Amino acid sequence: MQEIEDLCSAFELKYSSSSVEEIQIILTKFETTFRSAKTMAKGDGVKLIGLWTSPYVARVMIALNLKGIEYEFLPEDLLNKSELLLKYNPVYKKIPVLIHGDKPVCESLIILQYIDQVWASSGPSILSADPHERAFARFWAAYVDDKVIPHIRALIFGVDEKKAEATELLFAALLQLEETFVKCSKGKSFFGGDTINLVDITFGSCLSLLKAIEIITGINILDKTKTPRLVEWTESFCSDEAVKEVLPEAKKLVEYSEALLALRRAASAPPSK
């Protein structure tokens with residue numbers, strides 16, 4: 001059950017199916033489609049353990065693309081965690097895990113900073129050389145993880161009584177990010193100015209989830225009347241070459257999540273007599 005909970009942590013949807021076996025077949029088809037459609041370049045000693053639905057994994061993929069680093073993507077099945085994942089992240093047993101020269105780096109924000117330092121001479125800098133600007137970016141990246149993602153999850157899979165509060169808190173966080181973007185972008189396209197930085201990657205990795213929420217709830221999350229600069233930023237970010245092949249389609253996320261929730265319900269249902 002814990003593995004199913006890991007997979008379902010971002011969604012709570014309805015799905016009509018009758019057995020664990022049938023739903024697992026559906027999930028396998030999703031994985032097969034993703035693996036065959038995605039180009040997975042094999043880099044010299046650089047591998048990424050991940051799952052295509054995860055915004056945390058998307059962050060790492062975007063950073064590697066920005067730096068022009070080839071890597072091998074190793075799709076993880078969280079219903080049946082691989083020996084590789086358990087070996088390289090024995091403490092949390094979670095994705096993403098970056099493997100570089102047979103040495104693991106875990107936790108997405110830590111991985112992003114590792115990539116920026118190791119391949120400092122490749123591609124644009126993810127973090128500024130200025131200490132204050134680095135600290136500023138780290139603060140707002142942590143803000144996304146603390147104040148945006150929890151409300152996304154609460155809005156999608158929380159109890160109905162809490163969804164109104166989650167919506168209010170999510171919109172408040174987005175308004176704060178709108179204000180921050182106006183200040184730090186200085187009229188340019190990204191939180192990092194001319195180039196994508198740590199805040200862009202961290203928040204940008206959530207965009208498919210936000211679009212999935214719009215499909216599920218009918219609520220317009222990023223609104224031109226409320227957050228016009230973030231709407232413009234979204235267009236710039238998603239059209240960047242390092243990003244546009246990474247973020248999953250919102251409809252695919254919704255379909256996948258429906259199958260996951262059905263699997264959780266089927267697995268927790270009492271056996272029939």
# chains A, B, ... in the order shown; residues from 1 in each chain; ligands from 1
call {"tool": "select_by_dssp", "arguments": {"residues": "range 3-251 of chain A", "states": "strand (DSSP E or B)", "output": "list in words"}}
result
Val46, Lys47, Leu48, Ile49, Gly50, Glu72, Phe73, Leu74, Pro75, Val97, Leu98, Ile99, His100, Lys103, Pro104, Val105, Cys106, Phe190 and Gly193 of chain A
call {"tool": "residues_around", "arguments": {"residues": "Lys81 in chain A", "least_positions_apart": "4", "cutoff": "10 Å", "atoms": "only C-alpha atoms", "output": "list in words"}}
result
Glu3, Glu76, Asp77, Leu85, Leu86, Lys93 and Lys94 of chain A
call {"tool": "write_last_selection", "arguments": {"atoms": "all heavy atoms", "output": "mmCIF file, in the first residue's frame"}}
result
data_model
loop_
_atom_site.group_PDB
_atom_site.id
_atom_site.type_symbol
_atom_site.label_atom_id
_atom_site.label_comp_id
_atom_site.auth_asym_id
_atom_site.auth_seq_id
_atom_site.Cartn_x
_atom_site.Cartn_y
_atom_site.Cartn_z
ATOM 1 N N GLU A 3 3.608 1.877 -1.537
ATOM 2 C CA GLU A 3 4.027 2.197 -2.893
ATOM 3 C C GLU A 3 2.895 2.881 -3.655
ATOM 4 O O GLU A 3 3.114 3.818 -4.417
ATOM 5 C CB GLU A 3 4.469 0.924 -3.627
ATOM 6 C CG GLU A 3 5.811 0.377 -3.145
ATOM 7 C CD GLU A 3 5.703 -0.392 -1.848
ATOM 8 O OE1 GLU A 3 4.561 -0.623 -1.399
ATOM 9 O OE2 GLU A 3 6.753 -0.748 -1.286
ATOM 10 N N GLU A 76 11.302 4.432 -13.210
ATOM 11 C CA GLU A 76 11.113 3.689 -11.964
ATOM 12 C C GLU A 76 9.648 3.283 -11.816
ATOM 13 O O GLU A 76 8.747 4.055 -12.143
ATOM 14 C CB GLU A 76 11.535 4.544 -10.770
ATOM 15 C CG GLU A 76 11.391 3.874 -9.418
ATOM 16 C CD GLU A 76 12.255 2.629 -9.271
ATOM 17 O OE1 GLU A 76 13.364 2.602 -9.852
ATOM 18 O OE2 GLU A 76 11.808 1.688 -8.596
ATOM 19 N N ASP A 77 9.436 2.082 -11.314
ATOM 20 C CA ASP A 77 8.097 1.596 -11.009
ATOM 21 C C ASP A 77 7.922 1.657 -9.493
ATOM 22 O O ASP A 77 8.446 0.818 -8.769
ATOM 23 C CB ASP A 77 7.941 0.157 -11.514
ATOM 24 C CG ASP A 77 6.566 -0.429 -11.204
ATOM 25 O OD1 ASP A 77 5.722 0.306 -10.652
ATOM 26 O OD2 ASP A 77 6.344 -1.616 -11.505
ATOM 27 N N LEU A 85 17.027 1.729 -7.193
ATOM 28 C CA LEU A 85 16.533 2.832 -6.363
ATOM 29 C C LEU A 85 16.846 2.578 -4.897
ATOM 30 O O LEU A 85 17.307 3.482 -4.181
ATOM 31 C CB LEU A 85 15.029 3.002 -6.553
ATOM 32 C CG LEU A 85 14.364 4.073 -5.679
ATOM 33 C CD1 LEU A 85 14.925 5.445 -5.970
ATOM 34 C CD2 LEU A 85 12.847 4.056 -5.872
ATOM 35 N N LEU A 86 16.599 1.369 -4.425
ATOM 36 C CA LEU A 86 16.849 1.035 -3.024
ATOM 37 C C LEU A 86 18.333 1.098 -2.693
ATOM 38 O O LEU A 86 18.714 1.427 -1.572
ATOM 39 C CB LEU A 86 16.288 -0.349 -2.715
ATOM 40 C CG LEU A 86 14.784 -0.521 -2.941
ATOM 41 C CD1 LEU A 86 14.360 -1.948 -2.627
ATOM 42 C CD2 LEU A 86 13.993 0.470 -2.112
ATOM 43 N N LYS A 93 14.138 6.217 -0.258
ATOM 44 C CA LYS A 93 13.598 5.312 -1.286
ATOM 45 C C LYS A 93 12.676 6.060 -2.243
ATOM 46 O O LYS A 93 11.635 5.554 -2.679
ATOM 47 C CB LYS A 93 12.857 4.142 -0.634
ATOM 48 C CG LYS A 93 13.691 3.329 0.337
ATOM 49 C CD LYS A 93 12.870 2.232 0.999
ATOM 50 C CE LYS A 93 13.695 1.412 1.972
ATOM 51 N NZ LYS A 93 14.178 2.196 3.123
ATOM 52 N N LYS A 94 13.054 7.296 -2.578
ATOM 53 C CA LYS A 94 12.215 8.127 -3.438
ATOM 54 C C LYS A 94 13.010 8.619 -4.642
ATOM 55 O O LYS A 94 14.233 8.614 -4.659
ATOM 56 C CB LYS A 94 11.680 9.333 -2.645
ATOM 57 C CG LYS A 94 10.671 8.954 -1.564
ATOM 58 C CD LYS A 94 10.123 10.207 -0.880
ATOM 59 C CE LYS A 94 9.076 9.852 0.163
ATOM 60 N NZ LYS A 94 8.524 11.058 0.812
#
call {"tool": "select_by_dssp", "arguments": {"residues": "range 78-231 of chain A", "states": "alpha helix (DSSP H)", "output": "count of residues only"}}
result
87
call {"tool": "residues_around", "arguments": {"residues": "range 59-63 of chain A", "least_positions_apart": "6", "cutoff": "6 Å", "atoms": "only C-alpha atoms", "output": "PyMOL selection string"}}
result
chain A and resi 201+205+242-243
call {"tool": "write_last_selection", "arguments": {"atoms": "C-alpha atoms", "output": "tab-separated table (two decimals), in the first residue's frame"}}
result
chain	number	residue	atom	x	y	z
A	201	ILE	CA	12.83	25.33	-12.89
A	205	SER	CA	8.01	21.87	-13.03
A	242	ALA	CA	15.18	22.59	-22.55
A	243	VAL	CA	11.60	22.39	-21.28
call {"tool": "closest_residue", "arguments": {"among": "A:Lys162, A:Lys251, A:Lys67, A:His151", "to": "Ile216 in chain A", "atoms": "only C-alpha atoms"}}
result
A:Lys251
call {"tool": "closest_residue", "arguments": {"among": "A:Pro270, A:Pro124, A:Gly218, A:Pro75", "to": "Gly193 in chain A", "atoms": "only C-alpha atoms"}}
result
A:Pro124
call {"tool": "residues_around", "arguments": {"residues": "range 166-178 of chain A", "least_positions_apart": "6", "cutoff": "8 Å", "atoms": "only C-alpha atoms", "output": "ChimeraX atom specification"}}
result
/A:147-148,151-152,154-155,221,226-230
call {"tool": "residues_around", "arguments": {"residues": "Lys103 in chain A", "least_positions_apart": "4", "cutoff": "12 Å", "atoms": "only C-alpha atoms", "output": "list of chain:residue names"}}
result
A:Gly45, A:Val46, A:Lys47, A:Leu48, A:Leu84, A:Lys87, A:Tyr88, A:Asn89, A:Val97, A:Leu98, A:Ile99
call {"tool": "residues_around", "arguments": {"residues": "Ile115 in chain A", "least_positions_apart": "2", "cutoff": "12 Å", "atoms": "only C-alpha atoms", "output": "PyMOL selection string"}}
result
chain A and resi 46+59-69+98-100+105-106+108-113+117-127+198
call {"tool": "atom_distance", "arguments": {"atom1": "CA of Ala267 in chain A", "atom2": "CA of Gly50 in chain A"}}
result
23.6 Å
call {"tool": "atom_distance", "arguments": {"atom1": "CA of Ala129 in chain A", "atom2": "CA of Ile196 in chain A"}}
result
14.4 Å
call {"tool": "atom_distance", "arguments": {"atom1": "CA of Leu253 in chain A", "atom2": "CA of Phe190 in chain A"}}
result
25.6 Å
